[in-house]
Structures are given as structure tokens and as C-alpha cells.
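Next up, upload_2.txt (compact mmCIF, C-alpha atoms):
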```txt
# COMPACT_ATOMS: atom_id res chain seq x y z
CA MET A 1 31.57 -3.80 1.86
CA ASP A 2 29.06 -3.06 4.58
CA LEU A 3 26.95 -0.09 3.63
CA ASP A 4 24.84 2.06 5.82
CA ARG A 5 21.90 1.92 3.46
CA ARG A 6 19.89 4.67 5.04
CA ARG A 7 22.83 6.98 4.68
CA LEU A 8 23.33 5.96 1.10
CA LEU A 9 19.79 6.81 0.18
CA SER A 10 19.84 10.01 2.17
CA LEU A 11 22.92 11.05 0.32
CA ALA A 12 21.37 10.16 -2.98
CA ALA A 13 18.43 12.36 -2.16
CA LEU A 14 20.50 15.24 -0.99
CA GLY A 15 23.49 15.26 -3.17
CA GLY A 16 22.75 13.51 -6.40
CA THR A 17 25.18 11.43 -8.28
CA THR A 18 28.52 12.62 -6.99
CA THR A 19 27.63 11.97 -3.39
CA LEU A 20 26.00 8.70 -4.28
CA LEU A 21 29.14 7.63 -6.08
CA SER A 22 31.17 8.52 -3.04
CA ALA A 23 28.88 6.57 -0.76
CA CYS A 24 29.18 3.57 -3.05
CA GLY A 25 32.94 3.65 -2.89
CA GLY A 26 33.53 5.60 -6.05
CA GLY A 27 34.83 3.61 -8.97
CA GLU A 28 36.58 1.14 -6.73
CA ASN A 29 33.72 -1.24 -6.23
CA LYS A 30 33.62 -3.64 -9.15
CA GLY A 31 30.58 -5.70 -8.43
CA GLU A 32 31.63 -6.35 -4.86
CA GLY A 33 28.64 -4.73 -3.21
CA PRO A 34 26.30 -6.46 -0.86
CA LEU A 35 23.92 -8.96 -2.31
CA ALA A 36 20.20 -8.69 -1.70
CA GLY A 37 18.97 -11.21 0.81
CA GLU A 38 22.41 -12.34 1.86
CA LYS A 39 22.12 -11.86 5.58
CA SER A 40 22.97 -14.09 8.47
CA GLN A 41 20.28 -16.43 9.65
CA ASP A 42 19.51 -16.62 13.36
CA SER A 43 17.43 -19.76 13.60
CA SER A 44 17.17 -19.97 17.37
CA ALA A 45 13.45 -19.50 17.82
CA GLU A 46 11.73 -20.62 14.65
CA ARG A 47 10.67 -23.87 13.08
CA PRO A 48 13.17 -25.70 10.89
CA GLY A 49 12.99 -24.37 7.34
CA THR A 50 11.72 -20.99 8.45
CA ASP A 51 13.38 -18.01 6.83
CA VAL A 52 14.19 -16.24 10.05
CA ASN A 53 15.65 -13.19 8.38
CA ASP A 54 12.52 -12.58 6.35
CA VAL A 55 10.27 -13.16 9.35
CA VAL A 56 12.15 -10.59 11.41
CA ALA A 57 12.13 -8.01 8.62
CA LEU A 58 8.47 -8.56 7.81
CA ASN A 59 7.43 -8.41 11.46
CA ALA A 60 9.21 -5.08 11.81
CA ALA A 61 7.21 -3.77 8.85
CA LEU A 62 4.05 -5.32 10.29
CA ASP A 63 4.57 -3.46 13.57
CA LEU A 64 4.65 -0.19 11.65
CA GLU A 65 1.52 -1.09 9.70
CA HIS A 66 -0.34 -1.85 12.95
CA GLN A 67 0.83 1.49 14.30
CA ALA A 68 -0.34 3.25 11.14
CA VAL A 69 -3.80 1.69 11.44
CA ALA A 70 -4.02 2.99 15.00
CA ALA A 71 -2.71 6.41 13.99
CA TYR A 72 -5.17 6.90 11.14
CA THR A 73 -7.99 5.66 13.35
CA ALA A 74 -7.03 8.25 15.95
CA ALA A 75 -6.63 10.92 13.25
CA MET A 76 -10.21 10.38 12.10
CA LYS A 77 -11.42 11.94 15.36
CA THR A 78 -9.88 15.27 14.39
CA LEU A 79 -10.00 15.35 10.59
CA THR A 80 -13.01 16.54 8.63
CA GLY A 81 -14.23 16.61 5.04
CA ASP A 82 -11.82 15.35 2.39
CA ASN A 83 -9.07 14.84 4.95
CA LEU A 84 -11.32 12.51 6.92
CA LEU A 85 -12.09 10.51 3.77
CA VAL A 86 -8.38 10.26 3.04
CA ALA A 87 -7.58 9.06 6.55
CA ARG A 88 -10.26 6.40 6.35
CA GLN A 89 -9.01 5.17 2.99
CA PHE A 90 -5.39 5.10 4.14
CA ARG A 91 -6.32 3.30 7.36
CA ASP A 92 -8.01 0.64 5.25
CA HIS A 93 -4.91 0.39 3.04
CA GLU A 94 -2.71 -0.09 6.10
CA ARG A 95 -5.04 -2.82 7.31
CA GLU A 96 -4.67 -4.57 3.97
CA HIS A 97 -0.90 -4.25 4.23
CA ALA A 98 -0.96 -5.74 7.72
CA ALA A 99 -3.13 -8.63 6.59
CA THR A 100 -0.86 -9.34 3.63
CA LEU A 101 2.30 -9.18 5.71
CA SER A 102 0.75 -11.47 8.35
CA ALA A 103 -0.17 -14.00 5.69
CA ALA A 104 3.32 -13.81 4.17
CA ILE A 105 4.94 -14.38 7.55
CA LYS A 106 2.76 -17.41 8.15
CA ARG A 107 3.53 -18.79 4.71
CA ILE A 108 7.24 -18.81 5.44
CA GLY A 109 6.75 -20.46 8.80
CA GLY A 110 6.84 -17.49 11.13
CA LYS A 111 4.47 -16.03 13.67
CA PRO A 112 3.13 -12.57 12.81
CA ASN A 113 3.16 -9.90 15.50
CA GLY A 114 -0.24 -8.62 16.56
CA PRO A 115 -1.13 -5.00 17.22
CA ARG A 116 -0.20 -3.59 20.61
CA GLY A 117 -2.94 -3.06 23.14
CA SER A 118 -2.53 0.68 22.89
CA TYR A 119 -0.40 3.24 21.12
CA SER A 120 0.79 6.52 22.49
CA PHE A 121 0.41 9.39 20.05
CA PRO A 122 0.95 13.07 20.75
CA LYS A 123 -2.11 15.18 21.44
CA LEU A 124 -2.83 17.02 18.19
CA ASN A 125 -5.62 19.53 18.16
CA ASP A 126 -5.76 20.79 14.60
CA GLU A 127 -5.94 19.19 11.20
CA LYS A 128 -2.60 20.46 9.99
CA ALA A 129 -0.78 18.97 12.98
CA VAL A 130 -2.54 15.65 12.45
CA LEU A 131 -1.63 15.60 8.77
CA ALA A 132 1.98 16.48 9.57
CA PHE A 133 2.14 13.66 12.10
CA ALA A 134 0.70 11.23 9.54
CA SER A 135 3.32 12.45 7.07
CA ARG A 136 6.09 11.68 9.55
CA LEU A 137 4.68 8.20 10.14
CA GLU A 138 4.55 7.53 6.41
CA ASN A 139 8.15 8.67 6.08
CA THR A 140 9.19 6.34 8.89
CA THR A 141 7.40 3.45 7.23
CA ILE A 142 8.94 4.21 3.84
CA ALA A 143 12.42 4.31 5.36
CA ALA A 144 11.78 0.98 7.03
CA TYR A 145 10.72 -0.67 3.79
CA ILE A 146 13.67 0.73 1.87
CA ASP A 147 15.95 -0.64 4.53
CA ALA A 148 14.20 -4.01 4.78
CA ILE A 149 13.57 -4.92 1.16
CA PRO A 150 17.17 -5.73 0.17
CA ARG A 151 17.45 -7.93 3.25
CA LEU A 152 14.56 -10.14 2.20
CA ASN A 153 15.55 -13.47 0.72
CA ASN A 154 12.31 -14.35 -1.04
CA PRO A 155 12.01 -12.51 -4.39
CA ASN A 156 8.22 -12.66 -4.35
CA VAL A 157 8.14 -11.13 -0.89
CA ARG A 158 10.52 -8.41 -2.06
CA SER A 159 8.29 -7.42 -4.96
CA ALA A 160 5.19 -7.55 -2.75
CA ALA A 161 6.91 -5.28 -0.23
CA ALA A 162 7.80 -2.95 -3.09
CA THR A 163 4.10 -2.56 -3.98
CA ILE A 164 3.42 -1.57 -0.37
CA LEU A 165 6.33 0.87 -0.37
CA ALA A 166 4.95 2.48 -3.53
CA THR A 167 1.55 2.90 -1.91
CA GLU A 168 3.08 4.47 1.19
CA ALA A 169 4.85 6.92 -1.10
CA GLU A 170 1.50 7.72 -2.68
CA HIS A 171 0.00 8.31 0.75
CA LEU A 172 2.86 10.68 1.47
CA ALA A 173 2.19 12.55 -1.77
CA VAL A 174 -1.46 13.05 -0.84
CA LEU A 175 -0.52 14.22 2.66
CA ASN A 176 2.08 16.58 1.18
CA SER A 177 -0.60 18.13 -1.00
CA ALA A 178 -3.00 18.45 1.91
CA LEU A 179 -0.27 20.28 3.80
CA GLY A 180 0.26 22.69 0.91
CA ARG A 181 3.53 21.12 -0.15
CA ARG A 182 4.56 19.64 -3.47
CA ALA A 183 3.22 16.11 -3.83
CA ALA A 184 6.54 14.78 -5.14
CA PRO A 185 9.17 17.18 -3.85
CA ALA A 186 12.24 15.01 -4.42
CA ALA A 187 13.42 12.58 -7.06
CA PHE A 188 14.23 9.94 -4.45
CA VAL A 189 11.72 8.85 -1.84
CA THR A 190 13.85 7.78 1.08
CA GLY A 191 11.72 8.41 4.13
CA GLU A 192 13.64 11.55 4.91
CA GLU A 193 11.50 14.65 5.37
CA GLN A 194 11.78 16.79 2.25
CA ALA A 195 11.56 20.52 1.99
CA SER A 196 9.18 21.60 -0.73
CA MET B 197 5.23 -3.24 -33.04
CA SER B 198 3.48 -5.57 -30.63
CA HIS B 199 -0.13 -5.03 -29.67
CA SER B 200 0.73 -4.38 -26.04
CA ARG B 201 3.29 -1.80 -26.96
CA ARG B 202 0.76 -0.13 -29.18
CA ASP B 203 -1.63 -0.05 -26.22
CA LEU B 204 1.03 1.59 -24.13
CA LEU B 205 1.79 4.28 -26.61
CA LEU B 206 -1.61 4.99 -28.06
CA THR B 207 -3.01 6.95 -25.20
CA GLY B 208 -5.36 9.80 -24.62
CA GLY B 209 -6.23 10.05 -28.27
CA ALA B 210 -2.66 10.96 -29.01
CA LEU B 211 -0.46 8.90 -31.19
CA VAL B 212 2.88 8.24 -29.69
CA THR B 213 5.04 6.46 -32.19
CA ALA B 214 7.68 4.32 -30.67
CA THR B 215 9.45 2.46 -33.34
CA ALA B 216 12.44 1.94 -31.12
CA ALA B 217 11.08 2.23 -27.62
CA ALA B 218 13.22 1.33 -24.69
CA PRO B 219 13.58 -2.37 -24.00
CA LEU B 220 11.66 -2.10 -20.75
CA VAL B 221 8.53 -1.04 -22.57
CA ARG B 222 8.87 -3.63 -25.30
CA SER B 223 6.32 -6.18 -24.18
CA GLY B 224 3.15 -6.22 -22.16
CA SER B 225 3.50 -8.34 -19.07
CA ALA B 226 6.87 -9.91 -19.67
CA LEU B 227 9.54 -7.40 -18.91
CA ALA B 228 12.31 -9.36 -20.51
CA LEU B 229 14.55 -8.89 -17.54
CA ALA B 230 17.02 -11.68 -17.07
CA PRO B 231 17.02 -12.66 -13.39
CA GLY B 232 20.26 -11.71 -11.78
CA ASP B 233 21.50 -9.59 -14.61
CA ASP B 234 21.77 -6.37 -12.66
CA THR B 235 23.63 -4.47 -15.34
CA LYS B 236 20.94 -5.20 -17.90
CA ILE B 237 18.18 -4.26 -15.48
CA LEU B 238 19.87 -0.96 -14.70
CA SER B 239 20.68 -0.24 -18.34
CA ASP B 240 17.08 -0.83 -19.33
CA ALA B 241 15.91 1.33 -16.43
CA ILE B 242 18.14 4.17 -17.59
CA ALA B 243 16.68 3.93 -21.08
CA LEU B 244 13.19 4.03 -19.64
CA GLU B 245 13.99 7.04 -17.47
CA LEU B 246 15.38 8.97 -20.42
CA LEU B 247 12.31 8.10 -22.47
CA MET B 248 10.10 9.38 -19.67
CA ALA B 249 12.16 12.54 -19.31
CA GLU B 250 11.58 13.18 -22.99
CA ALA B 251 7.86 12.51 -22.56
CA TYR B 252 7.69 15.09 -19.76
CA GLN B 253 9.67 17.53 -21.86
CA ARG B 254 7.02 17.23 -24.54
CA ALA B 255 4.30 17.63 -21.94
CA THR B 256 5.55 20.96 -20.61
CA GLY B 257 3.17 22.86 -22.85
CA ALA B 258 0.16 21.13 -21.36
CA LEU B 259 1.29 20.60 -17.77
CA GLY B 260 3.79 23.39 -17.21
CA GLY B 261 5.76 23.28 -13.97
CA ILE B 262 4.66 19.78 -13.04
CA ALA B 263 6.10 18.40 -16.26
CA ARG B 264 9.34 20.32 -15.79
CA LEU B 265 9.74 19.07 -12.21
CA PHE B 266 9.05 15.48 -13.17
CA ARG B 267 11.33 15.73 -16.22
CA ASN B 268 14.14 16.83 -13.95
CA GLN B 269 13.39 14.02 -11.52
CA GLU B 270 13.52 11.43 -14.32
CA HIS B 271 16.91 12.81 -15.34
CA ALA B 272 18.06 12.53 -11.72
CA HIS B 273 16.93 8.90 -11.69
CA ALA B 274 18.89 8.20 -14.87
CA ASP B 275 21.99 9.85 -13.42
CA ALA B 276 21.82 7.90 -10.16
CA LEU B 277 21.16 4.63 -11.95
CA THR B 278 24.16 5.31 -14.16
CA VAL B 279 26.39 5.80 -11.13
CA VAL B 280 25.31 2.51 -9.58
CA LEU B 281 25.54 0.74 -12.92
CA ARG B 282 29.16 1.83 -13.21
CA THR B 283 29.98 0.72 -9.68
CA ILE B 284 28.83 -2.80 -10.48
CA GLY B 285 30.90 -2.94 -13.61
CA GLY B 286 28.45 -1.83 -16.28
CA SER B 287 28.68 1.03 -18.69
CA ALA B 288 26.07 3.62 -19.42
CA PRO B 289 23.91 2.71 -22.37
CA LYS B 290 23.80 4.93 -25.41
CA VAL B 291 20.21 6.02 -25.58
CA ASP B 292 18.67 8.05 -28.36
CA VAL B 293 15.12 8.96 -27.48
CA SER B 294 14.61 11.28 -30.40
CA GLY B 295 11.86 9.92 -32.56
CA ARG B 296 10.65 7.46 -29.97
CA LEU B 297 7.90 9.70 -28.71
CA ASN B 298 6.18 11.63 -31.41
CA ALA B 299 4.01 14.56 -30.41
CA LEU B 300 2.93 13.30 -27.02
CA ALA B 301 -0.69 14.16 -26.53
CA SER B 302 -0.56 17.17 -28.77
CA GLY B 303 -3.99 18.68 -28.70
CA GLY B 304 -5.01 16.38 -25.88
CA GLY B 305 -5.01 19.12 -23.30
CA LYS B 306 -4.03 18.69 -19.67
CA ARG B 307 -6.24 15.70 -19.06
CA GLY B 308 -5.25 13.82 -22.20
CA THR B 309 -1.59 14.48 -21.57
CA ALA B 310 -1.90 13.30 -17.98
CA GLU B 311 -3.64 10.13 -19.10
CA ALA B 312 -0.85 9.41 -21.57
CA LEU B 313 1.78 9.94 -18.92
CA ILE B 314 -0.11 7.74 -16.46
CA LYS B 315 0.32 4.88 -18.91
CA LEU B 316 4.07 5.47 -18.97
CA GLU B 317 4.31 5.84 -15.19
CA ASP B 318 2.27 2.67 -14.70
CA ARG B 319 4.75 0.86 -16.87
CA ALA B 320 7.64 2.29 -14.91
CA VAL B 321 6.11 1.24 -11.60
CA LYS B 322 5.45 -2.24 -12.93
CA THR B 323 9.02 -2.46 -14.17
CA TYR B 324 10.54 -1.35 -10.89
CA VAL B 325 8.34 -3.65 -8.83
CA GLU B 326 9.50 -6.52 -11.01
CA ALA B 327 13.11 -5.38 -10.65
CA HIS B 328 12.84 -5.98 -6.91
CA ARG B 329 12.35 -9.64 -7.72
CA ASN B 330 15.43 -9.90 -9.92
CA LEU B 331 18.09 -7.48 -8.73
CA LYS B 332 20.93 -8.95 -6.69
CA ASP B 333 22.91 -5.88 -5.67
CA ALA B 334 21.49 -4.35 -2.49
CA ARG B 335 22.55 -0.81 -3.39
CA ALA B 336 20.88 -1.06 -6.75
CA MET B 337 17.76 -2.37 -5.10
CA GLN B 338 17.63 0.48 -2.60
CA LEU B 339 18.04 3.01 -5.33
CA VAL B 340 15.30 1.35 -7.35
CA SER B 341 13.05 1.39 -4.26
CA SER B 342 13.55 5.11 -3.83
CA ILE B 343 12.84 5.72 -7.52
CA LEU B 344 9.76 3.52 -7.42
CA GLY B 345 8.40 5.68 -4.61
CA ASN B 346 8.90 8.80 -6.68
CA GLN B 347 7.23 7.31 -9.76
CA ALA B 348 4.27 6.37 -7.59
CA GLN B 349 4.10 9.97 -6.38
CA HIS B 350 4.08 11.14 -10.00
CA LEU B 351 1.07 8.91 -10.52
CA VAL B 352 -0.78 10.64 -7.68
CA THR B 353 -0.29 14.04 -9.29
CA LEU B 354 -1.15 12.83 -12.79
CA ARG B 355 -4.27 11.01 -11.61
CA ASP B 356 -5.38 14.19 -9.90
CA VAL B 357 -4.97 16.13 -13.14
CA ALA B 358 -6.81 13.39 -15.04
CA GLY B 359 -9.68 13.41 -12.55
CA GLN B 360 -8.93 9.92 -11.29
CA GLN B 361 -8.74 8.55 -7.75
CA LYS B 362 -5.31 9.44 -6.44
CA VAL B 363 -4.53 6.21 -4.57
CA PRO B 364 -6.89 3.61 -5.97
CA THR B 365 -5.40 0.54 -4.34
CA ALA B 366 -3.48 -0.59 -1.28
CA PHE B 367 -0.88 -2.23 -3.51
CA GLU B 368 0.62 -0.09 -6.25
CA THR B 369 1.62 -2.53 -8.95
CA GLY B 370 1.41 -0.36 -12.05
CA ARG B 371 -1.43 -2.53 -13.28
CA ASN B 372 -4.25 -0.31 -12.14
```

Full structure transcribed into C-alpha cells:
Amino acid sequence: MDLDRRRLLSLAALGGTTTLLSACGGGENKGEGPLAGEKSQDSSAERPGTDVNDVVALNAALDLEHQAVAAYTAAMKTLTGDNLLVARQFRDHEREHAATLSAAIKRIGGKPNGPRGSYSFPKLNDEKAVLAFASRLENTTIAAYIDAIPRLNNPNVRSAAATILATEAEHLAVLNSALGRRAAPAAFVTGEEQAS
Amino acid sequence: MSHSRRDLLLTGGALVTATAAAPLVRSGSALALAPGDDTKILSDAIALELLMAEAYQRATGALGGIARLFRNQEHAHADALTVVLRTIGGSAPKVDVSGRLNALASGGGKRGTAEALIKLEDRAVKTYVEAHRNLKDARAMQLVSSILGNQAQHLVTLRDVAGQQKVPTAFETGRN
């Protein structure tokens, strides 16, 4: 059974158990769901023994972390007061995530992606717009981790990625509060924008 | 009752008796999750969620709307976990939380109640992070990921109420 995982989680967030049951195939699926980490291995461009699947998934997450570092750095030019302090702290967190992901990729024999030379962000002139943009970036990153984690073969890498996902959700909660929204508006953090 | 469990439940100056606490909160670092046993992991998670829902119910006096919102979210987690548990061939555990939490933070005020709940949320985060290591079913893992994110967001709110730093670390492990 090949699931569209993003859809599954979106449905869980929106519709609760009935919809989730439907997305899972109702009562028909008796332990025949996809297994975590069981994905095809394309070994064309990596060293023998390299877990290509994990390298690809981790590099995709690393790209988003590099982008987040750049975004928070850019945001610091507009934000002031407590919001500026938050942006600086979150930028530092994203840097730590990037460093950890890079090290993990190297440990499993891959080559970590570096940051791009430049990033194109929309011109945002007020603090609220900057915070809203940061919120969207955090949601994108959360969705990427939720999609990637079950694809990872290495259990230790999965749990490490989960600690990063949890921190991104915390960032989102702080940004939600700064935007005047509920910090935890929905029972399921999926990376979908939530009304509050 | 083990020392670690006592640490978990004796919080904020409030005695929380847990003579039959959920299996997931039984021991300190070891979570007693059998690798690969998805049905047990999910069953234990459901028990933990129902325990936390009860804790939030008892915290409504001190925390008001926040506690009610989080109580409802814990119930939603339990419901969703139950659905996935059934799809992988398990059956919903019979969980009786009455008597497991006794007078959560009564008299502790907002701050004391928040500190007590932080201990529970930390344990939940730790449990769900560990579950990512052991779960085999991808759907179960994605659900657990989305719940983990929500528990972490609860921590942000509770830390704020308790006067703590909202996001103290780049890696939320539940061991902060």
C-alpha cells in the first residue's frame, strides 16, 4: 500500500479519526502498511556501503536548514526587541541543525550539501510580515521532516531528526504567539498552516 | 514505586500519586519499548495520552482555557493512535486513569501546575523521540511525529507560564 503521507497527516489534522481511518484503508489493512526505512536504494553516485536513501533525505532537510539560517539572518535586519532576540536564537538553532545533519551525512558516507551562494526572499517591510514568512518556512521544514523521517533507514538518525522536528514545532509555536495566534492551535503538527 | 517515577510525579510541590501509572512512564531512562513491537508502542502511547488528558483536566482550575485545549488535543492524539493501532492489528488498551493522578498541583497555582505538566510533557517528548527509533510502520511513525510536534508546542506554552525559556535547546529531547 503506497500512501501519500502528506495527505494522510493533513487529513489527520483536519478530520480526526474517521478521516484518518479512511486514509489508512479503513479496517482492511492488517499490518500491511509501509515499513519505515524500506525504500529503494539508488546507489549510482555514492561510495559502496553508503546509505543512499538516508543521504538524499538528510540532504533535503539540510537544504531547508541552510535556507532557514539565511532567512532568519535576513529577518534580523527588520525585527526589533524580543522578536530580534527570537530570530537570533532560532538562526543559531538552525545552524546547529545544519551542523548535525552535515555530520550525520558524513558518518554514513555521503557528502553534505553546502548553503547556496544566495537566497531569494520576498521583500518584507514590517515585523508581522517577516514573522509570518518565518512561520511559513517553519511549516515547510516541519512537513519535510514528517515526510522524510519514515524513509530513513538508520534508527538513530530517525530519532535525531525527530528532536529537530520537535524544535521546529517549538519555533512555530513561538512565532504563532508573536503573531497573536494560539501557540499550539492543532493537535497534529503537520506543516500545514493552521487557523487559530 | 521506582525513584525515577517518584521524581516524575512529585513535581511543583504537589504530590501526584501514581500507583499504576502508564507503562510509558514506568522507568526513568529506559522506556521499556520492545523494538519493532508497534502495537505495544502505540498501546503504551495511548495510555500515556489518556493520563496526560486527565492531568490537564485536573489543571483546568489553575490554567483555564490552555488546559482545556491541551486536554482535548491529548484526547485527539489517543483517538488517532487508536485508529492506527487497529489498522495494524492491535486492539485499544483498556485504560483506567482514575486514581493515577491525585490532586495535580492543587494549591500550586499556575506556575506550580505548569511545572508539574512540564515534567509530564518532557516524558512524552522523550517517549515519542524514542518511538521513532523503534516503530516499523511508516503511518504510525508519521502520526507519532505529528503528535511529538504538538507536545513540544505544549512545552513552549507551559514554559512560558512557568517563567522558563520557551525553546531552551536546538534539539528537543524531553531531557531538558

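All residues of protein, DNA or RNA that reach within 8 Å of B:Met337, judged by all atoms listed in the file and not counting those fewer than 6 positions away in the chain, are Ala36, Ile149 and Pro150 of chain A; Ala327, His328 and Leu331 of chain B.
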
Fill in: Pick from B:Ser341, B:Thr235, B:Gln347, B:Gln361, whichever lies nearest to B:Met248 using only C-alpha atoms
B:Gln347

Counting all atoms listed in the file, what are the residues of chain B within 6 Å of chain A, and for each of them which pair of atoms is the nearest and at what distance in Å, to one decimal? Sort the table by chain and rising number, as JSON lines.
```
{"residue": "B:Gln269", "atom": "CA", "partner": "A:Ala187", "partner_atom": "CA", "distance": 4.7}
{"residue": "B:Ala276", "atom": "CA", "partner": "A:Thr17", "partner_atom": "CA", "distance": 5.2}
{"residue": "B:Thr283", "atom": "CA", "partner": "A:Asn29", "partner_atom": "CA", "distance": 5.5}
{"residue": "B:Ile284", "atom": "CA", "partner": "A:Gly31", "partner_atom": "CA", "distance": 4.0}
{"residue": "B:Gly285", "atom": "CA", "partner": "A:Lys30", "partner_atom": "CA", "distance": 5.3}
{"residue": "B:Val325", "atom": "CA", "partner": "A:Ser159", "partner_atom": "CA", "distance": 5.4}
{"residue": "B:His328", "atom": "CA", "partner": "A:Ser159", "partner_atom": "CA", "distance": 5.2}
{"residue": "B:Arg329", "atom": "CA", "partner": "A:Pro155", "partner_atom": "CA", "distance": 4.4}
{"residue": "B:Lys332", "atom": "CA", "partner": "A:Ala36", "partner_atom": "CA", "distance": 5.0}
{"residue": "B:Asp333", "atom": "CA", "partner": "A:Leu35", "partner_atom": "CA", "distance": 4.7}
{"residue": "B:Ala334", "atom": "CA", "partner": "A:Ala36", "partner_atom": "CA", "distance": 4.6}
{"residue": "B:Gln338", "atom": "CA", "partner": "A:Ile146", "partner_atom": "CA", "distance": 6.0}
{"residue": "B:Ser342", "atom": "CA", "partner": "A:Val189", "partner_atom": "CA", "distance": 4.6}
{"residue": "B:Ile343", "atom": "CA", "partner": "A:Phe188", "partner_atom": "CA", "distance": 5.4}
{"residue": "B:Gly345", "atom": "CA", "partner": "A:Ala166", "partner_atom": "CA", "distance": 4.8}
{"residue": "B:Asn346", "atom": "CA", "partner": "A:Val189", "partner_atom": "CA", "distance": 5.6}
{"residue": "B:Ala348", "atom": "CA", "partner": "A:Ala166", "partner_atom": "CA", "distance": 5.7}
{"residue": "B:Gln349", "atom": "CA", "partner": "A:Glu170", "partner_atom": "CA", "distance": 5.1}
{"residue": "B:Ala366", "atom": "CA", "partner": "A:His93", "partner_atom": "CA", "distance": 4.7}
{"residue": "B:Phe367", "atom": "CA", "partner": "A:Thr163", "partner_atom": "CA", "distance": 5.0}
{"residue": "B:Glu368", "atom": "CA", "partner": "A:Thr163", "partner_atom": "CA", "distance": 4.8}
{"residue": "B:Thr369", "atom": "CA", "partner": "A:Thr163", "partner_atom": "CA", "distance": 5.6}
```

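For the set B:Val340, B:Ala310, B:Leu277, B:Ile237, the residue with the smallest atom-to-atom gap to B:Gly260 is B:Ala310, counting only C-alpha atoms.
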
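Here atom CA of A:Ala129 is placed at a distance of 18.1 Å from atom CA of A:Glu192.
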